[in-house]
Each structure stands twice: as C-alpha cells, then as structure tokens.
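Novice: Got model.txt for you, compact mmCIF, C-alpha atoms:
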# COMPACT_ATOMS: atom_id res chain seq x y z
CA MET A 1 49.13 6.76 18.40
CA GLU A 2 46.54 4.04 18.93
CA ALA A 3 45.29 5.79 22.07
CA LEU A 4 45.04 9.02 20.12
CA SER A 5 43.11 7.23 17.41
CA LEU A 6 40.69 5.83 19.98
CA GLN A 7 40.41 9.23 21.64
CA GLY A 8 39.57 10.74 18.26
CA ALA A 9 36.93 8.07 17.67
CA ILE A 10 35.36 8.75 21.06
CA VAL A 11 35.34 12.50 20.43
CA ARG A 12 33.68 11.90 17.06
CA MET A 13 31.14 9.58 18.70
CA ALA A 14 30.41 12.16 21.40
CA ALA A 15 29.81 14.75 18.70
CA GLU A 16 27.57 12.35 16.83
CA VAL A 17 25.57 11.54 19.97
CA THR A 18 25.18 15.26 20.64
CA ILE A 19 23.96 15.83 17.10
CA ALA A 20 21.62 12.85 17.39
CA SER A 21 20.26 14.25 20.67
CA ILE A 22 19.60 17.60 19.04
CA VAL A 23 17.92 15.89 16.12
CA ASN A 24 15.86 13.76 18.50
CA GLN A 25 14.84 16.78 20.56
CA ARG A 26 13.85 18.56 17.37
CA ASP A 27 11.81 15.52 16.32
CA GLU A 28 10.09 15.42 19.70
CA ARG A 29 9.17 19.06 19.40
CA HIS A 30 7.74 18.52 15.94
CA ASP A 31 6.12 15.24 16.77
CA LYS A 32 4.80 15.00 20.29
CA SER A 33 2.62 12.07 19.34
CA PRO A 34 4.37 10.04 16.65
CA THR A 35 1.84 7.24 16.83
CA SER A 36 -0.86 9.63 15.75
CA ARG A 37 0.81 9.76 12.32
CA HIS A 38 1.76 6.09 12.07
CA GLY A 39 0.16 2.68 12.42
CA SER A 40 0.19 -0.16 14.86
CA ALA A 41 3.63 -1.47 13.88
CA TRP A 42 5.18 1.85 14.80
CA GLN A 43 3.42 1.71 18.18
CA ALA A 44 4.55 -1.92 18.60
CA ALA A 45 8.15 -0.81 18.12
CA ILE A 46 7.72 1.89 20.77
CA ASP A 47 6.15 -0.63 23.13
CA TYR A 48 9.04 -3.01 22.47
CA GLY A 49 11.48 -0.33 23.57
CA ILE A 50 12.98 0.60 20.22
CA ASP A 51 14.20 4.18 19.99
CA VAL A 52 12.00 5.15 17.06
CA SER A 53 13.34 8.70 17.03
CA GLN A 54 16.64 7.18 15.93
CA THR A 55 14.81 5.12 13.30
CA GLU A 56 12.99 8.21 12.11
CA TYR A 57 16.28 10.08 11.78
CA LEU A 58 17.81 7.21 9.78
CA LEU A 59 14.86 7.29 7.41
CA THR A 60 15.77 10.86 6.50
CA LEU A 61 19.09 9.57 5.12
CA THR A 62 19.71 7.89 1.78
CA PRO A 63 20.67 4.16 1.78
CA HIS A 64 24.22 5.25 0.91
CA GLU A 65 24.35 7.60 3.91
CA ARG A 66 22.95 4.89 6.19
CA LEU A 67 25.69 2.46 5.18
CA ILE A 68 28.43 5.06 5.68
CA ARG A 69 27.02 5.97 9.09
CA HIS A 70 26.81 2.28 10.01
CA GLU A 71 30.42 1.83 8.98
CA GLN A 72 31.48 4.66 11.27
CA ALA A 73 29.53 3.14 14.16
CA LEU A 74 31.10 -0.24 13.47
CA LYS A 75 34.59 1.27 13.55
CA LEU A 76 33.84 2.78 16.94
CA VAL A 77 32.48 -0.54 18.23
CA ARG A 78 35.70 -2.27 17.15
CA ALA A 79 37.92 0.44 18.68
CA LEU A 80 36.07 0.26 21.98
CA ARG A 81 36.20 -3.53 21.96
CA GLU A 82 39.96 -3.46 21.43
CA ALA A 83 40.27 -0.97 24.29
CA GLY A 84 38.29 -3.35 26.50
CA ILE A 85 40.50 -6.28 25.55
CA ARG A 86 43.62 -4.23 26.39
CA TYR A 87 42.09 -3.25 29.73
CA TYR A 88 41.01 -6.75 30.76
CA GLY A 89 43.90 -8.57 29.13
CA PHE A 90 41.43 -10.88 27.38
CA ASP A 91 38.29 -10.67 25.29
CA PRO A 92 35.45 -10.34 27.83
CA ARG A 93 33.08 -11.98 25.36
CA HIS A 94 35.01 -15.22 25.63
CA PRO A 95 36.11 -17.05 28.80
CA GLU A 96 39.59 -17.96 27.57
CA PRO A 97 42.45 -15.40 27.44
CA ALA A 98 42.89 -13.60 24.11
CA GLY A 99 45.34 -15.38 21.85
CA GLY A 100 45.05 -18.57 23.90
CA GLU A 101 45.05 -21.93 22.19
CA MET B 1 41.16 -4.19 9.23
CA GLY B 2 39.32 -3.00 6.14
CA SER B 3 35.61 -2.51 6.11
CA THR B 4 32.56 -4.58 5.34
CA LEU B 5 31.84 -2.10 2.56
CA ASP B 6 35.20 -3.00 1.05
CA ILE B 7 34.14 -6.66 0.93
CA LEU B 8 30.88 -5.64 -0.71
CA SER B 9 32.80 -3.62 -3.25
CA ARG B 10 35.10 -6.57 -4.00
CA LEU B 11 32.13 -8.91 -4.56
CA GLU B 12 30.61 -6.43 -6.98
CA ALA B 13 33.92 -5.79 -8.78
CA SER B 14 34.43 -9.54 -9.25
CA GLU B 15 30.90 -9.84 -10.68
CA VAL B 16 29.74 -12.24 -7.98
CA ASP B 17 26.04 -12.97 -8.36
CA PHE B 18 24.66 -12.08 -4.92
CA VAL B 19 21.96 -10.31 -2.93
CA LEU B 20 22.75 -8.39 0.24
CA VAL B 21 20.68 -9.86 3.10
CA GLY B 22 20.71 -9.85 6.90
CA GLY B 23 21.57 -6.95 9.17
CA MET B 24 23.36 -4.89 6.52
CA ALA B 25 20.28 -5.11 4.30
CA GLY B 26 18.36 -3.87 7.33
CA VAL B 27 20.73 -0.91 7.59
CA VAL B 28 20.00 -0.04 3.97
CA HIS B 29 16.28 0.00 4.74
CA GLY B 30 16.78 2.17 7.85
CA SER B 31 17.45 -0.18 10.76
CA SER B 32 19.47 1.31 13.63
CA GLN B 33 21.10 -2.02 14.57
CA VAL B 34 24.86 -2.27 14.15
CA THR B 35 26.08 -5.56 12.74
CA GLU B 36 29.60 -6.88 12.28
CA ASP B 37 29.02 -9.50 9.65
CA LEU B 38 28.18 -9.14 6.03
CA ASP B 39 25.54 -11.64 4.92
CA VAL B 40 24.90 -12.32 1.28
CA CYS B 41 22.76 -14.86 -0.51
CA ALA B 42 24.59 -16.32 -3.48
CA PRO B 43 24.43 -19.51 -5.52
CA LEU B 44 27.42 -21.71 -4.77
CA SER B 45 27.77 -22.82 -8.36
CA ARG B 46 31.32 -23.53 -9.46
CA GLU B 47 31.39 -20.39 -11.61
CA ASN B 48 30.08 -18.12 -8.86
CA VAL B 49 32.46 -19.66 -6.32
CA LYS B 50 35.34 -18.87 -8.69
CA ARG B 51 34.23 -15.24 -8.64
CA ILE B 52 33.96 -15.31 -4.84
CA ILE B 53 37.51 -16.66 -4.63
CA ARG B 54 38.66 -13.91 -6.98
CA ALA B 55 36.97 -11.34 -4.73
CA ILE B 56 38.22 -12.44 -1.32
CA GLY B 57 40.92 -15.03 -1.97
CA ASP B 58 43.71 -12.65 -0.91
CA LEU B 59 41.95 -11.78 2.35
CA ARG B 60 42.97 -15.06 4.03
CA PRO B 61 39.41 -16.43 4.30
CA ARG B 62 39.05 -18.81 7.24
CA TRP B 63 36.21 -21.03 8.47
CA ARG B 64 34.45 -18.92 11.08
CA MET B 65 32.53 -21.74 12.74
CA LEU B 66 35.43 -24.16 13.17
CA PRO B 67 37.84 -24.15 16.14
CA GLN B 68 41.12 -22.33 15.39
CA ASN B 69 39.51 -20.89 12.22
CA PRO B 70 41.40 -23.01 9.68
CA THR B 71 42.18 -21.51 6.28
CA ILE B 72 39.59 -22.17 3.59
CA PRO B 73 41.05 -24.00 0.60
CA LEU B 74 40.55 -21.86 -2.50
CA ASP B 75 39.12 -24.76 -4.45
CA ALA B 76 35.98 -23.89 -6.40
CA ALA B 77 35.08 -27.53 -7.02
CA LEU B 78 35.24 -28.28 -3.30
CA LEU B 79 33.51 -25.12 -2.08
CA SER B 80 30.68 -25.53 -4.55
CA THR B 81 29.64 -28.67 -2.65
CA TYR B 82 28.82 -26.61 0.45
CA LYS B 83 25.39 -25.23 1.26
CA ASN B 84 26.69 -22.15 3.10
CA LEU B 85 30.12 -20.58 3.64
CA TYR B 86 30.65 -18.95 7.04
CA THR B 87 33.90 -17.07 6.77
CA ILE B 88 36.13 -14.61 8.57
CA THR B 89 38.50 -12.59 6.42
CA ASP B 90 41.10 -9.90 7.02
CA MET B 91 38.34 -7.37 6.32
CA GLY B 92 35.69 -8.92 8.53
CA GLN B 93 33.04 -11.61 8.58
CA LEU B 94 31.34 -12.72 5.41
CA ASP B 95 28.56 -15.29 5.43
CA ILE B 96 27.51 -16.63 2.05
CA LEU B 97 24.15 -18.37 2.15
CA ASN B 98 22.68 -20.52 -0.57
CA GLU B 99 19.12 -19.86 0.57
CA ILE B 100 17.27 -17.76 3.11
CA THR B 101 14.88 -19.24 5.65
CA GLY B 102 11.42 -17.78 5.20
CA VAL B 103 12.10 -16.60 1.66
CA GLY B 104 13.64 -19.46 -0.28
CA SER B 105 16.35 -20.18 -2.81
CA PHE B 106 18.73 -17.63 -4.30
CA GLU B 107 16.48 -17.16 -7.31
CA GLU B 108 13.52 -16.39 -5.05
CA VAL B 109 15.63 -14.03 -2.93
CA LYS B 110 16.84 -12.31 -6.10
CA ARG B 111 13.25 -11.98 -7.30
CA GLN B 112 12.37 -10.30 -3.99
CA SER B 113 15.26 -7.84 -4.06
CA VAL B 114 15.68 -4.22 -5.03
CA THR B 115 18.61 -2.72 -6.90
CA LEU B 116 20.30 0.25 -5.30
CA SER B 117 23.28 2.43 -6.00
CA VAL B 118 25.45 2.20 -2.92
CA VAL B 119 28.95 3.55 -2.30
CA GLY B 120 29.57 3.92 -6.01
CA MET B 121 28.31 0.50 -6.98
CA THR B 122 25.08 -1.11 -8.01
CA CYS B 123 23.95 -3.70 -5.51
CA ARG B 124 20.96 -6.00 -5.09
CA VAL B 125 19.44 -5.80 -1.60
CA MET B 126 16.70 -8.00 -0.20
CA SER B 127 13.40 -6.12 -0.19
CA LEU B 128 11.99 -4.84 3.09
CA ASP B 129 9.05 -7.25 2.99
CA ALA B 130 11.28 -10.26 2.31
CA LEU B 131 13.70 -9.21 5.03
CA ILE B 132 10.86 -9.01 7.54
CA ARG B 133 9.69 -12.50 6.53
CA ALA B 134 13.24 -13.83 6.93
CA LYS B 135 13.66 -12.25 10.36
CA ARG B 136 10.28 -13.60 11.48
CA ALA B 137 11.17 -17.07 10.22
CA MET B 138 14.49 -17.14 12.11
CA GLY B 139 12.67 -16.65 15.39
CA ARG B 140 15.66 -15.73 17.56
CA PRO B 141 15.18 -12.87 20.04
CA ARG B 142 17.54 -10.57 18.12
CA ASP B 143 15.72 -11.35 14.88
CA HIS B 144 12.42 -10.58 16.59
CA GLN B 145 13.76 -7.19 17.65
CA ALA B 146 15.00 -6.53 14.11
CA ALA B 147 11.62 -7.53 12.67
CA VAL B 148 9.76 -5.20 15.02
CA GLU B 149 11.89 -2.26 13.89
CA LEU B 150 11.65 -3.19 10.20
CA GLU B 151 7.87 -3.47 10.47
CA ALA B 152 7.82 -0.02 12.02
CA ILE B 153 9.88 1.26 9.08
CA ARG B 154 7.42 -0.31 6.64
CA ASP B 155 4.59 1.22 8.61
CA ARG B 156 6.29 4.62 8.44
CA ARG B 157 6.60 4.39 4.68
CA GLU B 158 3.02 3.35 4.00
Using the file provided, produce a representation of the structure as structure tokens.

Specialist:
Amino acid sequence: MEALSLQGAIVRMAAEVTIASIVNQRDERHDKSPTSRHGSAWQAAIDYGIDVSQTEYLLTLTPHERLIRHEQALKLVRALREAGIRYYGFDPRHPEPAGGE
Amino acid sequence: MGSTLDILSRLEASEVDFVLVGGMAGVVHGSSQVTEDLDVCAPLSRENVKRIIRAIGDLRPRWRMLPQNPTIPLDAALLSTYKNLYTITDMGQLDILNEITGVGSFEEVKRQSVTLSVVGMTCRVMSLDALIRAKRAMGRPRDHQAAVELEAIRDRRE
C-alpha cells in the first residue's frame, strides 16, 4: 500500500514535470529573450543559475495556488526521502542509523 | 504526518498573533524553493504563548535543536521567557521567532507585512521587500540564493 502510494506520487510528479516542461517550452517560444523585458535582477538570477522559467510560471499562479503546489512538492520530497531511508536502512542525511540512540 | 498548511491553519484558528516569514513566505511571493519548516514571527508574550499552546499543544511539540528532541513543557510562563522556539511537531517543523534579522522586532515585521487570503484563512505574510532584506542579512549561501530569486521576482513585478 505504501509502495503504491509512493508510485502514485511519482506518477503525479512525472505528470507535473511534463506539464512544467510544456509550460516552459511555451514560455521559451513566447519569450526568447526574457531579459529584454526585465531588469538586472532578473538577469542576475539567470546568471546565478536559477530556473527563471519556473519562477515565471509560479508568478502566473495565485498565492493560494503556490502554497498548494508547494505542499504537493513537499509531500513528494517526504515520500522519496522515506523511500531512500528504506533502501539504505538509515537516513543518508545523518551518519548514525535511523532510530539509533 | 499532517501538513505545514495545517499548522498555519491551527495558528490562525487559535488567534495567534503572527506573521508568516522565511521560505514559506517566499513561496507565497513566487519562490520555487521547497522548504520543510514553517517559520513565523510572533511575540512570545504570555498571552500569545497560551494561544500557541492551544494551537499545537496536542501535536507533541518537541525541541528541534536539542539532542533526542525532548518534549516541550506546555507552560506559557516558562515559554514566554524564550527568545525563539524551534520546534518539531507531529505535523512538521515550526520555528517561532521573536524578531527577524535585517527587519527587526515583531511589531516592525508586522508593519512590513501584507495580508492575504490563503487556504481559506486570512494570514499576514512578510512583504517581498522585507523578506529580501531578511535573506540578505542572514548571509548564508541558501539565503543568498533565495534573495537572488526574490529580487528577480520583484524585478519582474516592477
């Protein structure tokens, strides 16, 4: 049941990534030169390596929608982390075995 | 585990005086970063701490920064002597900060906040400008990255 739940989360994430890719491609088509419309801070973010197409997509959402979307992403992060802990037998973020004293 | 939004909802329902700050405030403004902890700025007056206890007291709040995460005593008089409360609950992490570096005391943070309707509740959220100042003042690499994105968002809106 847990595996199915994780599988479902991954399928949903894959769908979301696909949608995001389509949205990003659409944005790129509409906006070949995003910096031409924005200022130096936008360019600084690009130079820093931030995926501004993702930022631009998020700005099309309402604050409520952003929080809901974040919550979904957070659930996936937690599900994947738990899968990793089951695989390794301990939390890879910490040196000691999970549940150890 | 419940959600960070559930904690937010509980704080609002218990009439805790708070402002949403940190990464979740960034999400509200459009940041793409995913954060696990809920950060709020709130005065740790005895009355407000009583409301905080009413909001999360049944979620087994524990000290997040202490080894073995001992249970937090639900004692408003005691907790009101703290400057910050770094907690882990059954619904996730909740950090309650008395002031915000780069912005100031709760009253100043509240003054530099915006009120939004979120997930069926009305919530104060630190303004984009104040959030950028706070991130810049923290100075850690992850805060720098957050500030760069938030400045781009501000740029996009101007």

Novice: Give me the residues within 9 Å of B:Ser31 as a PyMOL selection string, counting only C-alpha atoms and dropping any in the same chain fewer than 6 places off.

Specialist: (chain A and resi 55+58-59+66) or (chain B and resi 23-25+146+149-150+153)

Novice: Using all atoms listed in the file, determine which residues lie at most 8 Å from stretch 94-103 of chain B, disregarding the query and same-chain residues fewer than 3 positions distant; provide the list as a ChimeraX atom specification.

Specialist: /B:37-44,83-89,106,108-109,130,133-138

Novice: Nearest residue to A:Arg93 out of A:Arg81, A:Asp51, A:Arg69, A:Leu61, using all atoms listed in the file?

Specialist: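 Closest to A:Arg93 of all the choices is A:Arg81.
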
Novice: Pull out every residue of chain B that has at least one atom within 12 Å of chain A, counting all atoms listed in the file, and report them as a PDB file with C-alpha atoms, in the coordinates of the input.

Specialist:
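Contents of part-v9.pdb, as written:
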ATOM      1  CA  MET B   1      41.160  -4.190   9.230  1.00  0.00           C
ATOM      2  CA  GLY B   2      39.320  -3.000   6.140  1.00  0.00           C
ATOM      3  CA  SER B   3      35.610  -2.510   6.110  1.00  0.00           C
ATOM      4  CA  THR B   4      32.560  -4.580   5.340  1.00  0.00           C
ATOM      5  CA  LEU B   5      31.840  -2.100   2.560  1.00  0.00           C
ATOM      6  CA  ASP B   6      35.200  -3.000   1.050  1.00  0.00           C
ATOM      7  CA  LEU B   8      30.880  -5.640  -0.710  1.00  0.00           C
ATOM      8  CA  GLY B  23      21.570  -6.950   9.170  1.00  0.00           C
ATOM      9  CA  MET B  24      23.360  -4.890   6.520  1.00  0.00           C
ATOM     10  CA  ALA B  25      20.280  -5.110   4.300  1.00  0.00           C
ATOM     11  CA  GLY B  26      18.360  -3.870   7.330  1.00  0.00           C
ATOM     12  CA  VAL B  27      20.730  -0.910   7.590  1.00  0.00           C
ATOM     13  CA  VAL B  28      20.000  -0.040   3.970  1.00  0.00           C
ATOM     14  CA  HIS B  29      16.280   0.000   4.740  1.00  0.00           C
ATOM     15  CA  GLY B  30      16.780   2.170   7.850  1.00  0.00           C
ATOM     16  CA  SER B  31      17.450  -0.180  10.760  1.00  0.00           C
ATOM     17  CA  SER B  32      19.470   1.310  13.630  1.00  0.00           C
ATOM     18  CA  GLN B  33      21.100  -2.020  14.570  1.00  0.00           C
ATOM     19  CA  VAL B  34      24.860  -2.270  14.150  1.00  0.00           C
ATOM     20  CA  THR B  35      26.080  -5.560  12.740  1.00  0.00           C
ATOM     21  CA  GLU B  36      29.600  -6.880  12.280  1.00  0.00           C
ATOM     22  CA  ASP B  37      29.020  -9.500   9.650  1.00  0.00           C
ATOM     23  CA  LEU B  38      28.180  -9.140   6.030  1.00  0.00           C
ATOM     24  CA  PRO B  67      37.840 -24.150  16.140  1.00  0.00           C
ATOM     25  CA  GLN B  68      41.120 -22.330  15.390  1.00  0.00           C
ATOM     26  CA  ASN B  69      39.510 -20.890  12.220  1.00  0.00           C
ATOM     27  CA  MET B  91      38.340  -7.370   6.320  1.00  0.00           C
ATOM     28  CA  GLY B  92      35.690  -8.920   8.530  1.00  0.00           C
ATOM     29  CA  VAL B 114      15.680  -4.220  -5.030  1.00  0.00           C
ATOM     30  CA  THR B 115      18.610  -2.720  -6.900  1.00  0.00           C
ATOM     31  CA  LEU B 116      20.300   0.250  -5.300  1.00  0.00           C
ATOM     32  CA  SER B 117      23.280   2.430  -6.000  1.00  0.00           C
ATOM     33  CA  VAL B 118      25.450   2.200  -2.920  1.00  0.00           C
ATOM     34  CA  VAL B 119      28.950   3.550  -2.300  1.00  0.00           C
ATOM     35  CA  GLY B 120      29.570   3.920  -6.010  1.00  0.00           C
ATOM     36  CA  MET B 121      28.310   0.500  -6.980  1.00  0.00           C
ATOM     37  CA  THR B 122      25.080  -1.110  -8.010  1.00  0.00           C
ATOM     38  CA  CYS B 123      23.950  -3.700  -5.510  1.00  0.00           C
ATOM     39  CA  VAL B 125      19.440  -5.800  -1.600  1.00  0.00           C
ATOM     40  CA  PRO B 141      15.180 -12.870  20.040  1.00  0.00           C
ATOM     41  CA  HIS B 144      12.420 -10.580  16.590  1.00  0.00           C
ATOM     42  CA  GLN B 145      13.760  -7.190  17.650  1.00  0.00           C
ATOM     43  CA  ALA B 146      15.000  -6.530  14.110  1.00  0.00           C
ATOM     44  CA  ALA B 147      11.620  -7.530  12.670  1.00  0.00           C
ATOM     45  CA  VAL B 148       9.760  -5.200  15.020  1.00  0.00           C
ATOM     46  CA  GLU B 149      11.890  -2.260  13.890  1.00  0.00           C
ATOM     47  CA  LEU B 150      11.650  -3.190  10.200  1.00  0.00           C
ATOM     48  CA  GLU B 151       7.870  -3.470  10.470  1.00  0.00           C
ATOM     49  CA  ALA B 152       7.820  -0.020  12.020  1.00  0.00           C
ATOM     50  CA  ILE B 153       9.880   1.260   9.080  1.00  0.00           C
ATOM     51  CA  ARG B 154       7.420  -0.310   6.640  1.00  0.00           C
ATOM     52  CA  ASP B 155       4.590   1.220   8.610  1.00  0.00           C
ATOM     53  CA  ARG B 156       6.290   4.620   8.440  1.00  0.00           C
ATOM     54  CA  ARG B 157       6.600   4.390   4.680  1.00  0.00           C
ATOM     55  CA  GLU B 158       3.020   3.350   4.000  1.00  0.00           C
TER      56      GLU B 158
END

Novice: Just how far from atom CA of A:Gly89 is atom CA of B:Gln93, in Å to one decimal?

Specialist: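 Atom-to-atom, atom CA of B:Gln93 and atom CA of A:Gly89 are spaced 23.4 Å apart.
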